[in-house]
Structure formats: C-alpha cells, structure tokens
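So the structure is just underneath, and the comments pick up after that.
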Amino acid sequence: MTVIDVFNHNVPAESDFGYSQAIKSGELIHVSGQLSHDEAGELLHADDFVPQLAQTHANMDKVLDHYGVTRNQIVSQVLYVVNLRQNARATMEGNLAYFGGHRPASTVFGVTELAFPGQVIEISFIVDTKLPA
C-alpha cells in the first residue's frame, strides 16, 4: 500500500484554489508551483525578478526540508517566467546558483502573466527520494 504524504505552507491560496503544495506518493514528490510568498501567503517583491526568484527558491527549500530531501534529488523542474527575454539571464544565473553542479531536467516557459499581480516567476518540480542526497 502506498502512503501519501501531503505538504502545505498553510497559506490562503491552498484552500482558495483547492490544491496542496506537494504530495509524496511512493518514491516521488510532486511539487506544485512555488512562488515568492511570505508565511501569510502574501506575494513578496512584486515585479522584481531577482528577489522573487530567491524567495521562490527559499520556499522550494521549505518543501524539501519537510521531506528530508535535497536539491540534488530534484529530477525535473518547470519554470514559468514573465518577460522571459528580459529575465533570461537572471533565470539562468539563479538556476546555476541554486543547483550548483546538479543538473535536473528543465523546461522554461515565457508567460504573459501568473496568478498574482506582480508575480514574475513560478517553479514546479519533481523529486526522486531514491537518488542520493
């Protein structure tokens, strides 16, 4: 029998939109799009890409910490970036800084807007807990 472990940041959007931040099913953890929000669920750094990306990575780390896994176990990610051409270099630099030598599969979409006014980045990802930390 597979045990399902659900993680939430306990922010209003989870109940408003009807989703969980992450679900571990078997050896995989499927993580919903993470973004730059504080403990109350308020968007931080509206329209400011670099600090939003840093806070998004910090929120990703909260999910990883809950499951006791590391960035090296992320096998794929999808990034949604407003103004991708303008933010491409910062996206690449932030990704390299976050992952170091680890290279997950990645897809980057340029989008016109995201869920919250001023939101410019969102990242979903999958973790394989069988990989070495």
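Residue numbering restarts at 1 for every chain of the structure tokens, chains are lettered A, B, ... in their displayed order, and ligands are numbered from 1 as they appear.
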
Counting only C-alpha atoms, which residues in stretch 64-126 of chain A sit no more than 12 Å from stretch 2-12 of chain A? For each one, give the nearest pair of atoms and the distance in Å, sorted by chain then residue number, as a tab-separated table.
residue	atom	partner	partner_atom	distance
A:Leu64	CA	A:Phe7	CA	10.0
A:Asp65	CA	A:Phe7	CA	10.6
A:His66	CA	A:Phe7	CA	7.5
A:Tyr67	CA	A:Phe7	CA	8.6

Please produce a file of the residues just selected, as an mmCIF file, in the first residue's frame, where the atoms kept are C-alpha atoms.
data_model
loop_
_atom_site.group_PDB
_atom_site.id
_atom_site.type_symbol
_atom_site.label_atom_id
_atom_site.label_comp_id
_atom_site.auth_asym_id
_atom_site.auth_seq_id
_atom_site.Cartn_x
_atom_site.Cartn_y
_atom_site.Cartn_z
ATOM 1 C CA LEU A 64 12.493 19.823 0.519
ATOM 2 C CA ASP A 65 13.151 20.232 4.258
ATOM 3 C CA HIS A 66 9.708 18.834 5.108
ATOM 4 C CA TYR A 67 10.517 15.631 3.242
#

DSSP-assigned strand (DSSP E) among chain A, expressed as a PyMOL selection string: chain A and resi 4-7+22-25+28-34+74-82+105-111+121-128

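In this model, the gap between atom CA of A:Phe99 and atom CA of A:Gly68 comes to 16.8 Å.
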
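Minimum distance to A:Phe49 across A:Asp128, A:Phe109, A:Tyr80, A:Asp61 (counting only C-alpha atoms) occurs at A:Tyr80.
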
Closest contacts (stretch 85-131 of chain A/stretch 16-30 of chain A, max 12 Å, only C-alpha atoms) as a Markdown table:
| residue | atom | partner | partner_atom | distance |
| --- | --- | --- | --- | --- |
| A:Ala115 | CA | A:Phe17 | CA | 10.4 |
| A:Ile123 | CA | A:Gln21 | CA | 11.4 |
| A:Ser124 | CA | A:His30 | CA | 8.1 |
| A:Phe125 | CA | A:His30 | CA | 6.4 |
| A:Ile126 | CA | A:His30 | CA | 4.8 |
| A:Val127 | CA | A:Ile29 | CA | 5.0 |
| A:Asp128 | CA | A:Leu28 | CA | 4.8 |
| A:Thr129 | CA | A:Glu27 | CA | 5.3 |
| A:Lys130 | CA | A:Glu27 | CA | 6.4 |
| A:Leu131 | CA | A:Glu27 | CA | 9.5 |

Write a file of the just-selected residues containing all heavy atoms, as a PDB file, in the first residue's frame.
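As written to disk, out-v1.pdb reads:
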ATOM      1  N   ALA A 115      -0.560  34.035 -11.496  1.00  0.00           N
ATOM      2  CA  ALA A 115      -1.779  34.144 -10.688  1.00  0.00           C
ATOM      3  C   ALA A 115      -1.928  35.451  -9.921  1.00  0.00           C
ATOM      4  O   ALA A 115      -3.031  35.954  -9.763  1.00  0.00           O
ATOM      5  CB  ALA A 115      -1.858  32.963  -9.715  1.00  0.00           C
ATOM      6  N   ILE A 123       7.806  28.063 -10.053  1.00  0.00           N
ATOM      7  CA  ILE A 123       8.578  26.855 -10.357  1.00  0.00           C
ATOM      8  C   ILE A 123       7.902  25.641  -9.734  1.00  0.00           C
ATOM      9  O   ILE A 123       7.691  25.590  -8.521  1.00  0.00           O
ATOM     10  CB  ILE A 123      10.026  26.953  -9.820  1.00  0.00           C
ATOM     11  CG1 ILE A 123      10.730  28.201 -10.358  1.00  0.00           C
ATOM     12  CG2 ILE A 123      10.807  25.678 -10.171  1.00  0.00           C
ATOM     13  CD1 ILE A 123      12.094  28.458  -9.728  1.00  0.00           C
ATOM     14  N   SER A 124       7.569  24.657 -10.573  1.00  0.00           N
ATOM     15  CA  SER A 124       7.103  23.362 -10.074  1.00  0.00           C
ATOM     16  C   SER A 124       8.229  22.357 -10.305  1.00  0.00           C
ATOM     17  O   SER A 124       9.084  22.557 -11.172  1.00  0.00           O
ATOM     18  CB  SER A 124       5.821  22.917 -10.778  1.00  0.00           C
ATOM     19  OG  SER A 124       6.050  22.742 -12.157  1.00  0.00           O
ATOM     20  N   PHE A 125       8.231  21.280  -9.515  1.00  0.00           N
ATOM     21  CA  PHE A 125       9.318  20.322  -9.666  1.00  0.00           C
ATOM     22  C   PHE A 125       8.942  18.950  -9.132  1.00  0.00           C
ATOM     23  O   PHE A 125       7.952  18.793  -8.437  1.00  0.00           O
ATOM     24  CB  PHE A 125      10.614  20.833  -9.022  1.00  0.00           C
ATOM     25  CG  PHE A 125      10.538  21.152  -7.555  1.00  0.00           C
ATOM     26  CD1 PHE A 125      11.002  20.267  -6.606  1.00  0.00           C
ATOM     27  CD2 PHE A 125      10.015  22.364  -7.115  1.00  0.00           C
ATOM     28  CE1 PHE A 125      10.962  20.580  -5.244  1.00  0.00           C
ATOM     29  CE2 PHE A 125       9.974  22.687  -5.763  1.00  0.00           C
ATOM     30  CZ  PHE A 125      10.449  21.783  -4.827  1.00  0.00           C
ATOM     31  N   ILE A 126       9.765  17.963  -9.498  1.00  0.00           N
ATOM     32  CA  ILE A 126       9.589  16.578  -9.055  1.00  0.00           C
ATOM     33  C   ILE A 126      10.883  16.118  -8.411  1.00  0.00           C
ATOM     34  O   ILE A 126      11.978  16.379  -8.929  1.00  0.00           O
ATOM     35  CB  ILE A 126       9.223  15.652 -10.229  1.00  0.00           C
ATOM     36  CG1 ILE A 126       7.887  16.089 -10.833  1.00  0.00           C
ATOM     37  CG2 ILE A 126       9.154  14.194  -9.760  1.00  0.00           C
ATOM     38  CD1 ILE A 126       7.520  15.352 -12.108  1.00  0.00           C
ATOM     39  N   VAL A 127      10.740  15.429  -7.271  1.00  0.00           N
ATOM     40  CA  VAL A 127      11.867  14.922  -6.513  1.00  0.00           C
ATOM     41  C   VAL A 127      11.817  13.402  -6.507  1.00  0.00           C
ATOM     42  O   VAL A 127      10.744  12.818  -6.308  1.00  0.00           O
ATOM     43  CB  VAL A 127      11.814  15.436  -5.052  1.00  0.00           C
ATOM     44  CG1 VAL A 127      12.959  14.874  -4.227  1.00  0.00           C
ATOM     45  CG2 VAL A 127      11.791  16.958  -5.010  1.00  0.00           C
ATOM     46  N   ASP A 128      12.940  12.760  -6.710  1.00  0.00           N
ATOM     47  CA  ASP A 128      13.051  11.309  -6.588  1.00  0.00           C
ATOM     48  C   ASP A 128      13.821  11.009  -5.298  1.00  0.00           C
ATOM     49  O   ASP A 128      15.019  11.248  -5.215  1.00  0.00           O
ATOM     50  CB  ASP A 128      13.781  10.720  -7.793  1.00  0.00           C
ATOM     51  CG  ASP A 128      13.811   9.201  -7.776  1.00  0.00           C
ATOM     52  OD1 ASP A 128      13.588   8.579  -6.711  1.00  0.00           O
ATOM     53  OD2 ASP A 128      14.058   8.613  -8.859  1.00  0.00           O
ATOM     54  N   THR A 129      13.126  10.484  -4.301  1.00  0.00           N
ATOM     55  CA  THR A 129      13.734  10.254  -2.991  1.00  0.00           C
ATOM     56  C   THR A 129      14.737   9.106  -3.002  1.00  0.00           C
ATOM     57  O   THR A 129      15.502   8.960  -2.043  1.00  0.00           O
ATOM     58  CB  THR A 129      12.660   9.981  -1.930  1.00  0.00           C
ATOM     59  OG1 THR A 129      11.931   8.799  -2.286  1.00  0.00           O
ATOM     60  CG2 THR A 129      11.692  11.165  -1.801  1.00  0.00           C
ATOM     61  N   LYS A 130      14.771   8.312  -4.065  1.00  0.00           N
ATOM     62  CA  LYS A 130      15.741   7.215  -4.134  1.00  0.00           C
ATOM     63  C   LYS A 130      17.126   7.686  -4.555  1.00  0.00           C
ATOM     64  O   LYS A 130      18.097   6.973  -4.360  1.00  0.00           O
ATOM     65  CB  LYS A 130      15.246   6.142  -5.108  1.00  0.00           C
ATOM     66  CG  LYS A 130      14.188   5.250  -4.545  1.00  0.00           C
ATOM     67  CD  LYS A 130      13.960   4.078  -5.480  1.00  0.00           C
ATOM     68  CE  LYS A 130      13.163   3.009  -4.787  1.00  0.00           C
ATOM     69  NZ  LYS A 130      12.994   1.834  -5.623  1.00  0.00           N
ATOM     70  N   LEU A 131      17.215   8.879  -5.129  1.00  0.00           N
ATOM     71  CA  LEU A 131      18.526   9.389  -5.524  1.00  0.00           C
ATOM     72  C   LEU A 131      19.345   9.758  -4.295  1.00  0.00           C
ATOM     73  O   LEU A 131      18.787  10.140  -3.278  1.00  0.00           O
ATOM     74  CB  LEU A 131      18.360  10.615  -6.418  1.00  0.00           C
ATOM     75  CG  LEU A 131      17.753  10.392  -7.796  1.00  0.00           C
ATOM     76  CD1 LEU A 131      17.606  11.715  -8.517  1.00  0.00           C
ATOM     77  CD2 LEU A 131      18.599   9.434  -8.606  1.00  0.00           C
TER      78      LEU A 131
END

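Taking only C-alpha atoms into account, A:Val78 lies nearest to A:Gln34 out of the set A:Gln52, A:Gln34, A:Thr112, A:Asn59.
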